[in-house]
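K.L.:
Contents of start.cif (mmCIF, C-alpha atoms and all ligand atoms):
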```
data_my_file
loop_
_atom_site.label_atom_id
_atom_site.label_comp_id
_atom_site.auth_asym_id
_atom_site.auth_seq_id
_atom_site.Cartn_x
_atom_site.Cartn_y
_atom_site.Cartn_z
CA MET E 1 10.33 1.93 -7.75
CA ALA E 2 6.66 2.58 -8.42
CA ILE E 3 4.37 2.07 -5.44
CA TYR E 4 1.34 1.25 -7.60
CA ASN E 5 1.23 -1.13 -10.53
CA ASP E 6 -0.05 -0.08 -13.96
CA LYS E 7 -3.45 -1.71 -13.47
CA VAL E 8 -4.08 0.18 -10.22
CA ILE E 9 -3.05 3.45 -11.88
CA ASP E 10 -5.23 2.69 -14.91
CA HIS E 11 -8.34 1.98 -12.79
CA PHE E 12 -7.65 5.05 -10.65
CA THR E 13 -7.28 7.39 -13.61
CA ASN E 14 -10.08 5.78 -15.67
CA PRO E 15 -12.39 4.21 -13.11
CA HIS E 16 -15.19 1.96 -14.37
CA ASN E 17 -18.77 2.08 -13.04
CA VAL E 18 -18.64 5.44 -11.25
CA GLY E 19 -22.00 6.86 -10.17
CA GLU E 20 -25.30 5.52 -8.93
CA PHE E 21 -28.76 4.49 -10.15
CA GLU E 22 -31.95 6.47 -9.78
CA ASN E 23 -33.81 3.41 -8.47
CA PRO E 24 -31.25 0.81 -7.38
CA ASP E 25 -32.33 -2.67 -6.40
CA GLY E 26 -29.79 -2.50 -3.57
CA GLU E 27 -27.54 0.17 -2.12
CA GLY E 28 -24.92 0.02 0.61
CA THR E 29 -22.46 2.40 2.24
CA TYR E 30 -19.49 1.62 4.40
CA GLY E 31 -17.10 3.77 6.37
CA SER E 32 -13.61 2.48 6.98
CA PRO E 33 -12.74 2.16 10.66
CA VAL E 34 -9.10 2.65 9.63
CA CYS E 35 -9.20 5.93 7.71
CA GLY E 36 -12.82 7.15 8.01
CA ASP E 37 -13.33 7.27 4.25
CA MET E 38 -16.67 6.27 2.77
CA MET E 39 -17.86 4.04 -0.05
CA LYS E 40 -21.31 3.68 -1.59
CA ILE E 41 -22.19 0.84 -3.97
CA SER E 42 -25.47 0.45 -5.85
CA ILE E 43 -26.59 -2.64 -7.73
CA MET E 44 -29.26 -3.62 -10.22
CA VAL E 45 -30.47 -7.22 -10.07
CA GLU E 46 -32.51 -9.20 -12.56
CA ASP E 47 -33.50 -12.84 -12.07
CA GLY E 48 -30.89 -13.21 -9.35
CA VAL E 49 -28.08 -11.79 -11.51
CA ILE E 50 -26.31 -8.49 -10.85
CA THR E 51 -26.81 -6.77 -14.18
CA ASP E 52 -25.06 -3.51 -13.26
CA ALA E 53 -23.19 -1.88 -10.40
CA ARG E 54 -21.98 1.64 -9.59
CA PHE E 55 -19.79 3.16 -6.91
CA LYS E 56 -19.16 6.53 -5.35
CA THR E 57 -16.41 7.06 -2.85
CA PHE E 58 -14.88 9.55 -0.53
CA GLY E 59 -11.84 7.27 -0.42
CA CYS E 60 -8.37 7.46 -1.91
CA GLY E 61 -6.98 6.29 -5.24
CA SER E 62 -6.60 2.72 -3.98
CA ALA E 63 -10.26 2.70 -2.95
CA ILE E 64 -11.25 4.00 -6.39
CA ALA E 65 -9.15 1.37 -8.19
CA SER E 66 -10.45 -1.41 -5.92
CA SER E 67 -14.08 -0.40 -6.43
CA SER E 68 -13.62 -0.08 -10.17
CA VAL E 69 -12.27 -3.64 -10.34
CA ALA E 70 -14.72 -5.03 -7.76
CA THR E 71 -17.78 -3.66 -9.57
CA ASP E 72 -16.43 -5.06 -12.86
CA MET E 73 -16.05 -8.42 -11.12
CA ILE E 74 -19.62 -8.65 -9.78
CA ILE E 75 -21.44 -7.47 -12.91
CA GLY E 76 -22.84 -10.57 -14.62
CA LYS E 77 -22.51 -12.74 -11.52
CA THR E 78 -25.41 -14.18 -9.55
CA VAL E 79 -25.93 -12.64 -6.13
CA GLU E 80 -24.59 -15.82 -4.54
CA GLU E 81 -21.46 -15.73 -6.73
CA ALA E 82 -20.92 -12.03 -5.95
CA LEU E 83 -21.07 -12.78 -2.22
CA LYS E 84 -18.19 -15.20 -2.69
CA VAL E 85 -15.91 -12.49 -4.13
CA THR E 86 -13.43 -11.76 -1.37
CA ASN E 87 -11.21 -8.84 -0.68
CA GLY E 88 -8.30 -11.11 -1.62
CA ASP E 89 -9.90 -11.78 -5.03
CA VAL E 90 -10.16 -8.04 -5.65
CA LEU E 91 -6.52 -7.54 -4.64
CA ASP E 92 -5.44 -10.41 -6.91
CA GLU E 93 -7.38 -8.93 -9.81
CA LEU E 94 -5.74 -5.56 -9.15
CA GLY E 95 -2.31 -7.14 -9.00
CA GLY E 96 -1.84 -6.06 -5.40
CA LEU E 97 -1.72 -2.87 -3.34
CA PRO E 98 0.92 -1.56 -0.95
CA PRO E 99 0.32 -3.14 2.51
CA ILE E 100 -0.65 0.21 4.02
CA LYS E 101 -3.42 0.49 1.42
CA ILE E 102 -4.99 -2.95 1.81
CA HIS E 103 -7.71 -1.54 4.07
CA CYS E 104 -8.87 0.71 1.19
CA SER E 105 -9.91 -2.34 -0.83
CA VAL E 106 -11.99 -3.53 2.13
CA LEU E 107 -14.31 -0.57 1.53
CA ALA E 108 -15.40 -2.07 -1.80
CA ASP E 109 -15.81 -5.56 -0.40
CA HIS E 110 -17.90 -4.40 2.55
CA ALA E 111 -19.99 -1.93 0.54
CA ILE E 112 -20.86 -4.65 -2.00
CA LYS E 113 -22.04 -6.92 0.80
CA SER E 114 -24.02 -3.99 2.26
CA ALA E 115 -25.69 -3.37 -1.12
CA ILE E 116 -26.62 -7.05 -1.43
CA TYR E 117 -27.86 -7.01 2.17
CA ASP E 118 -30.10 -4.06 1.26
CA TYR E 119 -31.32 -5.92 -1.85
CA ALA E 120 -32.10 -8.98 0.26
CA GLN E 121 -33.98 -6.90 2.85
CA ARG E 122 -36.04 -5.11 0.21
CA HIS E 123 -36.92 -8.31 -1.63
CA GLY E 124 -37.41 -10.65 1.32
CA LYS E 125 -34.49 -12.88 0.34
CA THR E 126 -31.90 -14.67 2.44
CA TYR E 127 -28.42 -15.66 1.32
CA LYS E 128 -25.99 -17.99 3.01
CA GLY E 129 -23.15 -15.58 2.27
CA LEU E 130 -24.85 -12.88 4.36
CA GLU E 131 -25.23 -14.96 7.52
CA GLY E 132 -23.90 -12.96 10.45
CA PHE E 133 -23.19 -9.94 8.25
CA ASP E 134 -23.80 -6.59 9.95
CA PRO E 135 -23.77 -3.71 7.45
CA HIS E 136 -23.10 -1.23 10.25
CA ALA E 137 -20.26 -3.08 11.93
CA ASP E 138 -17.19 -0.94 12.65
CA GLU E 139 -18.46 2.23 11.07
CA GLU E 140 -19.91 4.02 14.11
CA ASP E 141 -16.76 6.06 14.63
CA THR E 142 -16.24 6.97 11.01
CA HIS E 143 -18.99 9.52 10.48
CA HIS E 144 -17.37 12.89 10.92
CA GLY E 145 -20.59 14.85 10.94
CA CYS E 146 -20.17 15.61 7.26
CA ASP E 147 -22.85 15.28 4.64
CA MET E 148 -21.72 12.04 3.05
CA GLU E 149 -23.84 12.38 -0.09
CA THR E 150 -22.42 15.83 -0.82
CA ALA E 151 -18.89 14.78 0.00
CA VAL E 152 -19.07 11.75 -2.27
CA ASP E 153 -20.63 13.75 -5.11
CA GLU E 154 -17.81 16.31 -4.86
CA MET E 155 -15.24 13.54 -4.88
CA VAL E 156 -16.75 11.94 -7.98
CA ALA E 157 -16.80 15.32 -9.74
CA GLU E 158 -13.12 15.77 -8.93
CA VAL E 159 -12.25 12.32 -10.22
CA LYS E 160 -14.17 12.97 -13.43
CA ALA E 161 -12.39 16.31 -13.83
CA GLY E 162 -9.06 14.54 -13.33
CA ARG E 163 -8.15 16.64 -10.33
CA LYS E 164 -7.90 13.91 -7.71
S1 LIG E 201 -6.94 5.90 2.81
FE1 LIG E 201 -9.10 5.80 3.12
S2 LIG E 201 -9.81 4.61 1.45
FE2 LIG E 201 -7.70 4.68 1.16
#
```
I need this file expressed as structure tokens, please.
Ligand code: FES
P.N.:
Amino acid sequence: MAIYNDKVIDHFTNPHNVGEFENPDGEGTYGSPVCGDMMKISIMVEDGVITDARFKTFGCGSAIASSSVATDMIIGKTVEEALKVTNGDVLDELGGLPPIKIHCSVLADHAIKSAIYDYAQRHGKTYKGLEGFDPHADEEDTHHGCDMETAVDEMVAEVKAGRK
């Protein structure tokens, strides 16, 4: 029996919204306390609407598929609507992940909130959905002394080359 459904495999092999913006309106990174993998999400915002989103990850195939779907889901939504997108919504949209891989989808959820938090900080905005949110929560132990930017760029290059 296949571990991953067709939609997960499709988003892993042909991920949407990979990359970053030269001048993002908001950018957030998150390291999983479970596996130590990293996720970076960048957003562009116009008149309170997320007009575009990109991701880069040092995570596994489930993280790639989750981020592909999650970025698709927030593009076109207002910032407030995007903050309401839960990890469960992403999993539903993906059609599920194996239980041992659920934490991978949390990377996308948390990195999106971190990117919106960054947008809010830069633009002097406050959002109800960010109350009590700490973009650095849980990730202290997940930096392995590596250069995250380089590691993520290498990962993206491998995904694009179809080697990962
Ligand atoms: S095992 Fe780390 S993101 Fe999936």
K.L.:
Between E:Asn17, E:Asn87, E:Gln121, E:Ser66, which one has atoms that come closest to ligand LIG 201 (chain E), using all atoms listed in the file?
P.N.:
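For ligand LIG 201 (chain E), the nearest of the given residues is E:Ser66.
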K.L.:
Given all atoms listed in the file as the basis, pick out the residue of E:Asn14, E:Ser32, E:Ser42, E:Thr86 nearest to Tyr119 (chain E).
P.N.:
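Closest to Tyr119 (chain E), using all atoms listed in the file: E:Ser42.
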K.L.:
In terms of the shortest atom-to-atom distance over all atoms listed in the file, which of E:Asp6, E:Glu80, E:Asp37, E:Asp118 is closest to ligand LIG 201 (chain E)?
P.N.:
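Of E:Asp6, E:Glu80, E:Asp37, E:Asp118, the one nearest ligand LIG 201 (chain E), counting all atoms listed in the file, is E:Asp37.
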K.L.:
Just the number, please: distance in Å from CA of Lys40 (chain E) to CA of Ile3 (chain E), one decimal.
P.N.:
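Distance between the two atoms: 26.0 Å.
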K.L.:
Please indicate the distance in Å from CA of Gly124 (chain E) to CA of Ile112 (chain E), rounded to one decimal place.
P.N.:
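These two atoms are separated by 17.9 Å.
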K.L.:
For ligand LIG 201 (chain E), collect every residue having any atom at a distance of at most 12 Å from a ligand atom (counting all atoms listed in the file); output as a PDB file with C-alpha atoms, in the frame of the given file.
P.N.:
```
ATOM      1  CA  PHE E  12      -7.650   5.050 -10.650  1.00  0.00           C
ATOM      2  CA  TYR E  30     -19.490   1.620   4.400  1.00  0.00           C
ATOM      3  CA  GLY E  31     -17.100   3.770   6.370  1.00  0.00           C
ATOM      4  CA  SER E  32     -13.610   2.480   6.980  1.00  0.00           C
ATOM      5  CA  PRO E  33     -12.740   2.160  10.660  1.00  0.00           C
ATOM      6  CA  VAL E  34      -9.100   2.650   9.630  1.00  0.00           C
ATOM      7  CA  CYS E  35      -9.200   5.930   7.710  1.00  0.00           C
ATOM      8  CA  GLY E  36     -12.820   7.150   8.010  1.00  0.00           C
ATOM      9  CA  ASP E  37     -13.330   7.270   4.250  1.00  0.00           C
ATOM     10  CA  MET E  38     -16.670   6.270   2.770  1.00  0.00           C
ATOM     11  CA  MET E  39     -17.860   4.040  -0.050  1.00  0.00           C
ATOM     12  CA  LYS E  40     -21.310   3.680  -1.590  1.00  0.00           C
ATOM     13  CA  LYS E  56     -19.160   6.530  -5.350  1.00  0.00           C
ATOM     14  CA  THR E  57     -16.410   7.060  -2.850  1.00  0.00           C
ATOM     15  CA  PHE E  58     -14.880   9.550  -0.530  1.00  0.00           C
ATOM     16  CA  GLY E  59     -11.840   7.270  -0.420  1.00  0.00           C
ATOM     17  CA  CYS E  60      -8.370   7.460  -1.910  1.00  0.00           C
ATOM     18  CA  GLY E  61      -6.980   6.290  -5.240  1.00  0.00           C
ATOM     19  CA  SER E  62      -6.600   2.720  -3.980  1.00  0.00           C
ATOM     20  CA  ALA E  63     -10.260   2.700  -2.950  1.00  0.00           C
ATOM     21  CA  ILE E  64     -11.250   4.000  -6.390  1.00  0.00           C
ATOM     22  CA  ALA E  65      -9.150   1.370  -8.190  1.00  0.00           C
ATOM     23  CA  SER E  66     -10.450  -1.410  -5.920  1.00  0.00           C
ATOM     24  CA  SER E  67     -14.080  -0.400  -6.430  1.00  0.00           C
ATOM     25  CA  LEU E  97      -1.720  -2.870  -3.340  1.00  0.00           C
ATOM     26  CA  PRO E  98       0.920  -1.560  -0.950  1.00  0.00           C
ATOM     27  CA  PRO E  99       0.320  -3.140   2.510  1.00  0.00           C
ATOM     28  CA  ILE E 100      -0.650   0.210   4.020  1.00  0.00           C
ATOM     29  CA  LYS E 101      -3.420   0.490   1.420  1.00  0.00           C
ATOM     30  CA  ILE E 102      -4.990  -2.950   1.810  1.00  0.00           C
ATOM     31  CA  HIS E 103      -7.710  -1.540   4.070  1.00  0.00           C
ATOM     32  CA  CYS E 104      -8.870   0.710   1.190  1.00  0.00           C
ATOM     33  CA  SER E 105      -9.910  -2.340  -0.830  1.00  0.00           C
ATOM     34  CA  VAL E 106     -11.990  -3.530   2.130  1.00  0.00           C
ATOM     35  CA  LEU E 107     -14.310  -0.570   1.530  1.00  0.00           C
ATOM     36  CA  ALA E 108     -15.400  -2.070  -1.800  1.00  0.00           C
ATOM     37  CA  ASP E 109     -15.810  -5.560  -0.400  1.00  0.00           C
ATOM     38  CA  THR E 142     -16.240   6.970  11.010  1.00  0.00           C
TER      39      THR E 142
END
```
K.L.:
Taking 5 positions as the minimum chain separation for residues in the same chain, which residues sit within 8 Å of Ala82 (chain E) when counting all atoms listed in the file? Answer as a list in words.
P.N.:
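So the residues in contact are Met73, Ile74 and Lys77 of chain E.
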K.L.:
Rank nothing, just name the residue among E:Asp72, E:Ala2, E:Asp52, E:Met44 nearest to Pro15 (chain E), using only C-alpha atoms.
P.N.:
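Nearest candidate to Pro15 (chain E) out of E:Asp72, E:Ala2, E:Asp52, E:Met44: E:Asp72.
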K.L.:
May I ask which of the residues E:Thr71, E:Thr13, E:Ser114, E:Asn5 is the closest one to Gly28 (chain E), counting all atoms listed in the file?
P.N.:
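Among the listed residues, the smallest separation from Gly28 (chain E) belongs to E:Ser114.
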K.L.:
Just to confirm, what's the straight-line distance from CA of Leu91 (chain E) to CA of His110 (chain E) in Å (one decimal)?
P.N.:
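Answer for the CA of Leu91 (chain E) to CA of His110 (chain E) separation: 13.8 Å.
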K.L.:
Which residue, E:Ile50, E:Ile43, E:Lys84, E:Asp92, has the smallest gap to Glu20 (chain E) when you use only C-alpha atoms?
P.N.:
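Under the stated criterion, the closest residue is E:Ile43.
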K.L.:
Give me the residues near Asp47 (chain E) as a PyMOL selection string, where near means some atom within 10 Å (using all atoms listed in the file) and where sequence neighbours in that chain fewer than 2 positions away do not count.
P.N.:
chain E and resi 45+49-51+78-79
K.L.:
Selected residues, C-alpha atoms, written as a short mmCIF file (atom, residue, chain, number, x, y, z; two decimals), in the frame of the given file, please.
P.N.:
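Listing of selection_31.cif after writing:
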```cif
data_model
loop_
_atom_site.label_atom_id
_atom_site.label_comp_id
_atom_site.auth_asym_id
_atom_site.auth_seq_id
_atom_site.Cartn_x
_atom_site.Cartn_y
_atom_site.Cartn_z
CA VAL E 45 -30.47 -7.22 -10.07
CA VAL E 49 -28.08 -11.79 -11.51
CA ILE E 50 -26.31 -8.49 -10.85
CA THR E 51 -26.81 -6.77 -14.18
CA THR E 78 -25.41 -14.18 -9.55
CA VAL E 79 -25.93 -12.64 -6.13
#
```
K.L.:
Give, as lines of an AutoDock Vina configuration file, the centre coordinates and the x, y and z edge lengths in Å to one decimal for an axis-aligned box around all listed atoms of region 119-125 of chain E, padded by 5 Å on each side.
P.N.:
```
center_x = -34.4
center_y = -9.0
center_z = 0.5
size_x = 16.1
size_y = 17.8
size_z = 14.7
```
